Amino acid sequence: MTTATRDRWLPLLGFAGAWFLAFVAIGVAFLGRSQDGLVDANTYWAASRGPMYSEDYILWTRGYSYPPAFAQAFDVLGWLPWEVARWVWLAGVLVAYAWLLAPLRLGLRIPLVIALYVFAADNLYWILALVAVFSFRFPFLWAVPLLTKITPGVGVLWFAVRQEWRSFAIAIGATLAIAAVSFLVAPDLWSQWLRLMVRQDLVGTTTTNFFIWVPPLPIRGATALALVVWGARTDRRWVIPVSMFLAQPDIAFSTLGLLAAIPRLRSPAAAPQPVPVSQGVAA
């Protein structure tokens, strides 16, 4: 394929693919399997209102499985009635994806926002996508993935590879500090969470609703780590959301929300610049 042919057909294929996803999402919404349920978001909201962890919980199923720190922080939204908290959550989802995809052309942006709003509104991937963008300026934000889904926190190693030790120390220090405060407040919840994790099969593969075979987490995690190393050495910040996607314990349509960070990270004018440090690899 010549360069001219590729330049002519790739935008058209991207446009068609984006609108196809949008129409699929609209169909899903009409079938009643969209954000109306907000099962995961409701789980976050309700986690601190009753028993946080179930003894018979199995990973890859519905139920709260993150460390206690996230539920304790999210309890601020839990003060609101669910019907109010629900709309606050959905507003955040819509604003976040609209902003993240703003660097794209309108013909791509609109269908992708529609698709992600339907497919990814239920989970916190929109928050993790924002972390992927802003963590270069605010390294402490890595505490969010490290204290929720954990394995997508592999992106924090970007700072270590580039020898940006100040940023790396801030990211790890913030995570440990939040975890320590959380433990002091509720040590019993951390004990319950650790027992829960010990009982789970963290190596197994899950496809959830992705309908395709997905390599086991160790393979995807190793690939994500290699991608972070390559991206850090070549100054390609867009690899961060891709590595977070690969390192996600379970892969589903909602996981695509992580990739919404790519347009911002590929747009030098839009992406936040990292805080200058005295020691580090030159960008």
# chains A, B, ... in the order shown; residues from 1 in each chain; ligands from 1
>>> residues_around(residues="A:Leu124", least_positions_apart="2", cutoff="12 Å", atoms="only C-alpha atoms", output="PyMOL selection string")
chain A and resi 38-45+66+70+74+89-90+92-93+96-97+116-117+119-122+126-131+144-145+148-149+254-258
>>> residues_around(residues="A:Ala177", least_positions_apart="5", cutoff="12 Å", atoms="only C-alpha atoms", output="number ranges by chain")
A: 69, 140, 143, 147, 169-172, 182-184
>>> write_last_selection(atoms="C-alpha atoms", output="mmCIF file, in the first residue's frame")
data_model
loop_
_atom_site.group_PDB
_atom_site.id
_atom_site.type_symbol
_atom_site.label_atom_id
_atom_site.label_comp_id
_atom_site.auth_asym_id
_atom_site.auth_seq_id
_atom_site.Cartn_x
_atom_site.Cartn_y
_atom_site.Cartn_z
ATOM 1 C CA ALA A 69 -8.757 3.175 50.612
ATOM 2 C CA PHE A 140 0.816 11.411 43.128
ATOM 3 C CA ALA A 143 -2.092 6.280 43.840
ATOM 4 C CA LEU A 147 -5.048 1.485 45.145
ATOM 5 C CA ALA A 169 9.172 8.903 44.923
ATOM 6 C CA ILE A 170 6.135 11.199 44.958
ATOM 7 C CA ALA A 171 3.985 8.568 43.239
ATOM 8 C CA ILE A 172 5.025 5.707 45.509
ATOM 9 C CA SER A 182 -6.532 3.968 55.421
ATOM 10 C CA PHE A 183 -5.027 1.094 57.419
ATOM 11 C CA LEU A 184 -4.911 3.141 60.616
#
>>> closest_residue(among="A:Arg137, A:Val181, A:Asn123, A:Arg220", to="A:Arg166", atoms="only C-alpha atoms")
A:Arg137
>>> residues_around(residues="stretch 229-237 of chain A", least_positions_apart="3", cutoff="7 Å", atoms="only C-alpha atoms", output="ChimeraX atom specification")
/A:158,161-162,225-226,240,265,283
>>> closest_residue(among="A:Pro215, A:Pro111, A:Gly78, A:Pro68", to="A:Ala186", atoms="only C-alpha atoms")
A:Pro68
>>> select_by_dssp(residues="stretch 76-273 of chain A", states="helix (DSSP H, G or I)", output="ChimeraX atom specification")
/A:76-78,82-100,106-119,125-134,139-146,151-161,165-185,187-198,217-234,239-247,253-265
>>> decode(residues="stretch 38-87 of chain A", atoms="N, CA and C atoms", output="PDB file, in the first residue's frame")
ATOM      1  N   LEU A  38     -25.478   0.907  35.966  1.00  0.00           N
ATOM      2  CA  LEU A  38     -24.329   1.423  36.709  1.00  0.00           C
ATOM      3  C   LEU A  38     -24.011   0.518  37.903  1.00  0.00           C
ATOM      4  N   VAL A  39     -23.863  -0.760  37.614  1.00  0.00           N
ATOM      5  CA  VAL A  39     -23.656  -1.723  38.691  1.00  0.00           C
ATOM      6  C   VAL A  39     -22.353  -1.452  39.438  1.00  0.00           C
ATOM      7  N   ASP A  40     -21.262  -1.253  38.695  1.00  0.00           N
ATOM      8  CA  ASP A  40     -19.970  -1.024  39.345  1.00  0.00           C
ATOM      9  C   ASP A  40     -19.970   0.296  40.106  1.00  0.00           C
ATOM     10  N   ALA A  41     -20.465   1.354  39.482  1.00  0.00           N
ATOM     11  CA  ALA A  41     -20.506   2.652  40.157  1.00  0.00           C
ATOM     12  C   ALA A  41     -21.349   2.570  41.423  1.00  0.00           C
ATOM     13  N   ASN A  42     -22.452   1.852  41.357  1.00  0.00           N
ATOM     14  CA  ASN A  42     -23.283   1.673  42.547  1.00  0.00           C
ATOM     15  C   ASN A  42     -22.541   0.885  43.613  1.00  0.00           C
ATOM     16  N   THR A  43     -21.711  -0.073  43.182  1.00  0.00           N
ATOM     17  CA  THR A  43     -20.904  -0.841  44.131  1.00  0.00           C
ATOM     18  C   THR A  43     -19.919   0.064  44.853  1.00  0.00           C
ATOM     19  N   TYR A  44     -19.275   0.994  44.119  1.00  0.00           N
ATOM     20  CA  TYR A  44     -18.360   1.946  44.747  1.00  0.00           C
ATOM     21  C   TYR A  44     -19.111   2.786  45.785  1.00  0.00           C
ATOM     22  N   TRP A  45     -20.288   3.250  45.371  1.00  0.00           N
ATOM     23  CA  TRP A  45     -21.096   4.123  46.231  1.00  0.00           C
ATOM     24  C   TRP A  45     -21.548   3.394  47.502  1.00  0.00           C
ATOM     25  N   ALA A  46     -21.870   2.116  47.376  1.00  0.00           N
ATOM     26  CA  ALA A  46     -22.442   1.375  48.496  1.00  0.00           C
ATOM     27  C   ALA A  46     -21.412   0.620  49.319  1.00  0.00           C
ATOM     28  N   ALA A  47     -20.140   0.619  48.880  1.00  0.00           N
ATOM     29  CA  ALA A  47     -19.132  -0.250  49.515  1.00  0.00           C
ATOM     30  C   ALA A  47     -19.003  -0.019  51.006  1.00  0.00           C
ATOM     31  N   SER A  48     -19.023   1.244  51.424  1.00  0.00           N
ATOM     32  CA  SER A  48     -18.821   1.533  52.843  1.00  0.00           C
ATOM     33  C   SER A  48     -20.124   1.578  53.629  1.00  0.00           C
ATOM     34  N   ARG A  49     -21.229   1.242  52.978  1.00  0.00           N
ATOM     35  CA  ARG A  49     -22.528   1.277  53.658  1.00  0.00           C
ATOM     36  C   ARG A  49     -22.896  -0.045  54.302  1.00  0.00           C
ATOM     37  N   GLY A  50     -22.130  -1.073  54.057  1.00  0.00           N
ATOM     38  CA  GLY A  50     -22.431  -2.376  54.627  1.00  0.00           C
ATOM     39  C   GLY A  50     -21.178  -3.211  54.624  1.00  0.00           C
ATOM     40  N   PRO A  51     -21.288  -4.524  54.730  1.00  0.00           N
ATOM     41  CA  PRO A  51     -20.094  -5.378  54.635  1.00  0.00           C
ATOM     42  C   PRO A  51     -19.374  -5.124  53.306  1.00  0.00           C
ATOM     43  N   MET A  52     -18.110  -4.717  53.404  1.00  0.00           N
ATOM     44  CA  MET A  52     -17.390  -4.315  52.191  1.00  0.00           C
ATOM     45  C   MET A  52     -16.974  -5.517  51.361  1.00  0.00           C
ATOM     46  N   TYR A  53     -16.598  -6.597  52.018  1.00  0.00           N
ATOM     47  CA  TYR A  53     -16.099  -7.767  51.314  1.00  0.00           C
ATOM     48  C   TYR A  53     -16.920  -8.996  51.689  1.00  0.00           C
ATOM     49  N   SER A  54     -17.197  -9.816  50.677  1.00  0.00           N
ATOM     50  CA  SER A  54     -17.962 -11.032  50.887  1.00  0.00           C
ATOM     51  C   SER A  54     -17.022 -12.228  50.938  1.00  0.00           C
ATOM     52  N   GLU A  55     -17.266 -13.126  51.855  1.00  0.00           N
ATOM     53  CA  GLU A  55     -16.411 -14.306  52.017  1.00  0.00           C
ATOM     54  C   GLU A  55     -16.460 -15.227  50.794  1.00  0.00           C
ATOM     55  N   ASP A  56     -17.581 -15.212  50.076  1.00  0.00           N
ATOM     56  CA  ASP A  56     -17.716 -16.099  48.908  1.00  0.00           C
ATOM     57  C   ASP A  56     -17.485 -15.367  47.595  1.00  0.00           C
ATOM     58  N   TYR A  57     -16.844 -14.191  47.677  1.00  0.00           N
ATOM     59  CA  TYR A  57     -16.609 -13.401  46.465  1.00  0.00           C
ATOM     60  C   TYR A  57     -15.593 -14.098  45.563  1.00  0.00           C
ATOM     61  N   ILE A  58     -15.856 -14.068  44.276  1.00  0.00           N
ATOM     62  CA  ILE A  58     -14.941 -14.613  43.274  1.00  0.00           C
ATOM     63  C   ILE A  58     -14.567 -13.490  42.308  1.00  0.00           C
ATOM     64  N   LEU A  59     -13.279 -13.297  42.126  1.00  0.00           N
ATOM     65  CA  LEU A  59     -12.825 -12.239  41.230  1.00  0.00           C
ATOM     66  C   LEU A  59     -13.389 -12.441  39.836  1.00  0.00           C
ATOM     67  N   TRP A  60     -13.524 -11.350  39.102  1.00  0.00           N
ATOM     68  CA  TRP A  60     -14.117 -11.293  37.768  1.00  0.00           C
ATOM     69  C   TRP A  60     -15.655 -11.272  37.829  1.00  0.00           C
ATOM     70  N   THR A  61     -16.234 -11.210  39.029  1.00  0.00           N
ATOM     71  CA  THR A  61     -17.684 -11.084  39.144  1.00  0.00           C
ATOM     72  C   THR A  61     -18.001  -9.739  39.764  1.00  0.00           C
ATOM     73  N   ARG A  62     -19.283  -9.403  39.814  1.00  0.00           N
ATOM     74  CA  ARG A  62     -19.698  -8.138  40.403  1.00  0.00           C
ATOM     75  C   ARG A  62     -19.436  -8.141  41.901  1.00  0.00           C
ATOM     76  N   GLY A  63     -19.036  -7.021  42.419  1.00  0.00           N
ATOM     77  CA  GLY A  63     -18.772  -6.891  43.837  1.00  0.00           C
ATOM     78  C   GLY A  63     -17.531  -6.049  44.070  1.00  0.00           C
ATOM     79  N   TYR A  64     -17.437  -5.430  45.232  1.00  0.00           N
ATOM     80  CA  TYR A  64     -16.301  -4.568  45.521  1.00  0.00           C
ATOM     81  C   TYR A  64     -15.083  -5.413  45.856  1.00  0.00           C
ATOM     82  N   SER A  65     -13.970  -5.178  45.153  1.00  0.00           N
ATOM     83  CA  SER A  65     -12.753  -5.961  45.385  1.00  0.00           C
ATOM     84  C   SER A  65     -11.510  -5.098  45.487  1.00  0.00           C
ATOM     85  N   TYR A  66     -11.652  -3.774  45.449  1.00  0.00           N
ATOM     86  CA  TYR A  66     -10.488  -2.888  45.548  1.00  0.00           C
ATOM     87  C   TYR A  66     -10.050  -2.772  47.007  1.00  0.00           C
ATOM     88  N   PRO A  67      -8.832  -2.288  47.238  1.00  0.00           N
ATOM     89  CA  PRO A  67      -8.419  -2.010  48.618  1.00  0.00           C
ATOM     90  C   PRO A  67      -9.376  -1.022  49.292  1.00  0.00           C
ATOM     91  N   PRO A  68      -9.435  -1.041  50.616  1.00  0.00           N
ATOM     92  CA  PRO A  68     -10.393  -0.186  51.328  1.00  0.00           C
ATOM     93  C   PRO A  68     -10.224   1.308  51.069  1.00  0.00           C
ATOM     94  N   ALA A  69      -9.017   1.739  50.743  1.00  0.00           N
ATOM     95  CA  ALA A  69      -8.757   3.175  50.612  1.00  0.00           C
ATOM     96  C   ALA A  69      -9.681   3.836  49.598  1.00  0.00           C
ATOM     97  N   PHE A  70      -9.936   3.155  48.474  1.00  0.00           N
ATOM     98  CA  PHE A  70     -10.785   3.759  47.453  1.00  0.00           C
ATOM     99  C   PHE A  70     -12.212   3.929  47.956  1.00  0.00           C
ATOM    100  N   ALA A  71     -12.739   2.916  48.627  1.00  0.00           N
ATOM    101  CA  ALA A  71     -14.105   3.012  49.158  1.00  0.00           C
ATOM    102  C   ALA A  71     -14.197   4.111  50.208  1.00  0.00           C
ATOM    103  N   GLN A  72     -13.157   4.251  51.021  1.00  0.00           N
ATOM    104  CA  GLN A  72     -13.164   5.291  52.038  1.00  0.00           C
ATOM    105  C   GLN A  72     -13.153   6.682  51.416  1.00  0.00           C
ATOM    106  N   ALA A  73     -12.371   6.851  50.336  1.00  0.00           N
ATOM    107  CA  ALA A  73     -12.349   8.141  49.648  1.00  0.00           C
ATOM    108  C   ALA A  73     -13.644   8.383  48.896  1.00  0.00           C
ATOM    109  N   PHE A  74     -14.156   7.339  48.276  1.00  0.00           N
ATOM    110  CA  PHE A  74     -15.366   7.467  47.475  1.00  0.00           C
ATOM    111  C   PHE A  74     -16.598   7.688  48.347  1.00  0.00           C
ATOM    112  N   ASP A  75     -16.470   7.464  49.650  1.00  0.00           N
ATOM    113  CA  ASP A  75     -17.607   7.643  50.550  1.00  0.00           C
ATOM    114  C   ASP A  75     -18.084   9.090  50.577  1.00  0.00           C
ATOM    115  N   VAL A  76     -17.243  10.012  50.117  1.00  0.00           N
ATOM    116  CA  VAL A  76     -17.678  11.410  50.002  1.00  0.00           C
ATOM    117  C   VAL A  76     -18.889  11.495  49.084  1.00  0.00           C
ATOM    118  N   LEU A  77     -18.834  10.766  47.953  1.00  0.00           N
ATOM    119  CA  LEU A  77     -19.983  10.721  47.050  1.00  0.00           C
ATOM    120  C   LEU A  77     -21.102   9.879  47.656  1.00  0.00           C
ATOM    121  N   GLY A  78     -20.741   8.965  48.527  1.00  0.00           N
ATOM    122  CA  GLY A  78     -21.728   8.122  49.173  1.00  0.00           C
ATOM    123  C   GLY A  78     -22.636   8.875  50.127  1.00  0.00           C
ATOM    124  N   TRP A  79     -22.253  10.085  50.492  1.00  0.00           N
ATOM    125  CA  TRP A  79     -23.136  10.884  51.335  1.00  0.00           C
ATOM    126  C   TRP A  79     -24.400  11.285  50.578  1.00  0.00           C
ATOM    127  N   LEU A  80     -24.324  11.305  49.256  1.00  0.00           N
ATOM    128  CA  LEU A  80     -25.474  11.697  48.448  1.00  0.00           C
ATOM    129  C   LEU A  80     -26.404  10.514  48.241  1.00  0.00           C
ATOM    130  N   PRO A  81     -27.702  10.758  48.070  1.00  0.00           N
ATOM    131  CA  PRO A  81     -28.595   9.672  47.665  1.00  0.00           C
ATOM    132  C   PRO A  81     -28.138   9.110  46.321  1.00  0.00           C
ATOM    133  N   TRP A  82     -28.352   7.819  46.095  1.00  0.00           N
ATOM    134  CA  TRP A  82     -27.854   7.191  44.884  1.00  0.00           C
ATOM    135  C   TRP A  82     -28.357   7.885  43.628  1.00  0.00           C
ATOM    136  N   GLU A  83     -29.596   8.315  43.581  1.00  0.00           N
ATOM    137  CA  GLU A  83     -30.133   8.959  42.382  1.00  0.00           C
ATOM    138  C   GLU A  83     -29.405  10.258  42.067  1.00  0.00           C
ATOM    139  N   VAL A  84     -28.923  10.939  43.092  1.00  0.00           N
ATOM    140  CA  VAL A  84     -28.125  12.150  42.873  1.00  0.00           C
ATOM    141  C   VAL A  84     -26.695  11.778  42.507  1.00  0.00           C
ATOM    142  N   ALA A  85     -26.110  10.839  43.266  1.00  0.00           N
ATOM    143  CA  ALA A  85     -24.734  10.416  43.003  1.00  0.00           C
ATOM    144  C   ALA A  85     -24.602   9.841  41.597  1.00  0.00           C
ATOM    145  N   ARG A  86     -25.643   9.159  41.145  1.00  0.00           N
ATOM    146  CA  ARG A  86     -25.644   8.560  39.808  1.00  0.00           C
ATOM    147  C   ARG A  86     -25.452   9.617  38.722  1.00  0.00           C
ATOM    148  N   TRP A  87     -26.173  10.728  38.845  1.00  0.00           N
ATOM    149  CA  TRP A  87     -26.070  11.770  37.823  1.00  0.00           C
ATOM    150  C   TRP A  87     -24.764  12.550  37.929  1.00  0.00           C
TER     151      TRP A  87
END
